[in-house]
Amino acid sequence: MTLPNHLAQEPIRFAYWVPNVSGGLVISKIEQRTSWDADYNRKLAQIAEEAGFDYALTQIRFTAGYGAEFQHESAAFSHALLAVTTKLKVIAALLPGPWNPTIAAKQIATISQLTNGRIAINVVSGWFSGEFRAIGEPWLDHDERYRRSEEFIRALRGIWTQDDFTFRGDFYR
């Protein structure tokens with residue numbers, strides 16, 4: 001099999017999904033053998049880095065559901081993993097709605113500076129209506145959630161790239 005040119009020139013990158021929640025990584029009756037514990041996850045990040053993984057993805061959850069009874073906040077948890085590694089990049093999942101883009105931009109920029117740019121974000125538009133309602137956020141229909149995410153991304157980019165940025169959208173100011 002011959003790879004297309006763009007794949008032949010770029011190495012394949014590997015990532016793993018950080019178990020920063022208790023269970024809930026898969027919907028299954030099979031017992032989960034991962035831990036949401038910080039020490040376990042720090043060691044897992046170091047093992048992944050030694051094994052050649054390029055990325056780790058921390059998930060975002062605010063409430064319990066299908067086994068995810070306990071959760072660590074993704075950006076802070078990502079920073080904890082970055083603090084014990086030197087090459088691994090961590091992708092922190094952010095959820096527009098609960099996250100204000102100004103606060104998110106500052107938080108991610110700070111982590112980026114402290115870790116030599118090894119943080120990235122995964123903007124999650126939302127899928128669990130009960131979670132939104134439980135934290136007092138309105139549940140938007142599918143298209144509106146993605147429109148809010150697009151606005152969130154535009155706000156982040158503007159904050160990060162312009163000295164005098166002003167934004168007036170339907171969801172964020």
# chains A, B, ... in the order shown; residues from 1 in each chain; ligands from 1
$ select_by_dssp --residues "chain A" --states "helix (DSSP H, G or I)" --output "ChimeraX atom specification"
/A:5-9,38-50,74-82,101-114,129-134,142-161
$ residues_around --residues "Gly65 in chain A" --least-positions-apart "3" --cutoff "12 Å" --atoms "only C-alpha atoms" --output "list of chain:residue names"
A:Val21, A:Ser22, A:Gly23, A:Gly24, A:Leu25, A:Val26, A:Ile27, A:Arg61, A:Phe62, A:Ala68, A:Glu69, A:Phe70, A:Gln71, A:Phe128, A:Ser129, A:Gly130, A:Glu131, A:Ala134
$ write_last_selection --atoms "N, CA, C and O atoms" --output "CSV table (one decimal), in the first residue's frame"
chain,number,residue,atom,x,y,z
A,21,VAL,N,-11.8,11.3,34.6
A,21,VAL,CA,-13.1,11.0,35.2
A,21,VAL,C,-13.1,9.6,35.7
A,21,VAL,O,-12.3,8.8,35.3
A,22,SER,N,-13.9,9.4,36.7
A,22,SER,CA,-14.0,8.0,37.3
A,22,SER,C,-15.0,7.2,36.4
A,22,SER,O,-16.2,7.3,36.5
A,23,GLY,N,-14.4,6.3,35.6
A,23,GLY,CA,-15.2,5.5,34.7
A,23,GLY,C,-15.8,6.3,33.6
A,23,GLY,O,-15.4,7.4,33.3
A,24,GLY,N,-16.7,5.8,32.9
A,24,GLY,CA,-17.4,6.5,31.9
A,24,GLY,C,-16.6,6.7,30.6
A,24,GLY,O,-17.0,7.4,29.7
A,25,LEU,N,-15.4,6.0,30.5
A,25,LEU,CA,-14.7,6.1,29.2
A,25,LEU,C,-15.3,5.4,28.1
A,25,LEU,O,-15.2,5.7,26.9
A,26,VAL,N,-16.0,4.3,28.5
A,26,VAL,CA,-16.8,3.5,27.5
A,26,VAL,C,-18.1,3.1,28.2
A,26,VAL,O,-18.2,3.0,29.4
A,27,ILE,N,-19.2,3.0,27.4
A,27,ILE,CA,-20.4,2.5,27.9
A,27,ILE,C,-20.4,1.0,27.9
A,27,ILE,O,-20.5,0.4,26.8
A,61,ARG,N,-16.2,17.1,31.8
A,61,ARG,CA,-17.5,16.7,32.4
A,61,ARG,C,-17.7,17.5,33.6
A,61,ARG,O,-16.8,17.9,34.3
A,62,PHE,N,-19.0,17.8,33.8
A,62,PHE,CA,-19.3,18.6,35.0
A,62,PHE,C,-20.2,17.8,36.0
A,62,PHE,O,-20.3,18.1,37.1
A,68,ALA,N,-19.2,8.0,35.3
A,68,ALA,CA,-18.3,9.1,35.6
A,68,ALA,C,-18.8,9.9,36.8
A,68,ALA,O,-19.2,11.1,36.7
A,69,GLU,N,-18.7,9.3,37.9
A,69,GLU,CA,-19.2,9.9,39.1
A,69,GLU,C,-18.4,11.1,39.6
A,69,GLU,O,-18.9,12.0,40.3
A,70,PHE,N,-17.1,11.1,39.3
A,70,PHE,CA,-16.2,12.1,39.8
A,70,PHE,C,-15.4,12.6,38.5
A,70,PHE,O,-15.0,11.8,37.7
A,71,GLN,N,-15.1,13.9,38.5
A,71,GLN,CA,-14.4,14.5,37.4
A,71,GLN,C,-13.4,15.5,37.8
A,71,GLN,O,-13.7,16.2,38.8
A,128,PHE,N,-24.6,16.4,26.2
A,128,PHE,CA,-25.3,15.8,27.4
A,128,PHE,C,-26.2,16.9,28.0
A,128,PHE,O,-25.8,17.7,28.8
A,129,SER,N,-27.5,16.9,27.5
A,129,SER,CA,-28.4,18.0,27.9
A,129,SER,C,-28.6,18.1,29.4
A,129,SER,O,-28.7,19.2,30.0
A,130,GLY,N,-28.6,16.9,30.1
A,130,GLY,CA,-28.8,16.9,31.6
A,130,GLY,C,-27.6,17.6,32.3
A,130,GLY,O,-27.9,18.3,33.3
A,131,GLU,N,-26.4,17.5,31.7
A,131,GLU,CA,-25.3,18.2,32.3
A,131,GLU,C,-25.5,19.7,32.2
A,131,GLU,O,-25.2,20.4,33.2
A,134,ALA,N,-28.1,20.8,34.7
A,134,ALA,CA,-27.6,20.7,36.1
A,134,ALA,C,-26.7,21.8,36.5
A,134,ALA,O,-26.7,22.2,37.7
$ residues_around --residues "Gly117 in chain A" --least-positions-apart "6" --cutoff "9 Å" --atoms "only C-alpha atoms" --output "ChimeraX atom specification"
/A:89,109,111
$ write_last_selection --atoms "C-alpha atoms" --output "PDB file, in the first residue's frame"
ATOM      1  CA  LYS A  89       1.322  17.845  24.384  1.00  0.00           C
ATOM      2  CA  ALA A 109      -2.319  31.268  27.420  1.00  0.00           C
ATOM      3  CA  ILE A 111      -0.552  27.210  30.703  1.00  0.00           C
TER       4      ILE A 111
END
$ residues_around --residues "range 93-105 of chain A" --least-positions-apart "6" --cutoff "7 Å" --atoms "only C-alpha atoms" --output "MDAnalysis selection string"
chainID A and resid 58:60 74 121:126 137 148:149 152 155:156 159:160
$ atom_distance --atom1 "CA of Pro138 in chain A" --atom2 "CA of Lys106 in chain A"
24.4 Å
$ closest_residue --among "A:Ile47, A:Leu81, A:Ala92, A:Ile108" --to "Arg157 in chain A" --atoms "only C-alpha atoms"
A:Ile108
$ atom_distance --atom1 "CA of Trp17 in chain A" --atom2 "CA of Asn5 in chain A"
28.4 Å
$ atom_distance --atom1 "CA of Ser78 in chain A" --atom2 "CA of Ser35 in chain A"
15.5 Å
$ select_by_dssp --residues "range 2-70 of chain A" --states "strand (DSSP E)" --output "list in words"
Ala15, Tyr16, Trp17, Val18, Tyr55, Ala56, Leu57 and Thr58 of chain A
$ closest_residue --among "A:Phe171, A:Glu151, A:Arg33, A:Ala15" --to "Ile91 in chain A" --atoms "only C-alpha atoms"
A:Ala15
$ closest_residue --among "A:Glu150, A:Asp37, A:Asp170, A:Glu49" --to "His72 in chain A" --atoms "only C-alpha atoms"
A:Asp37
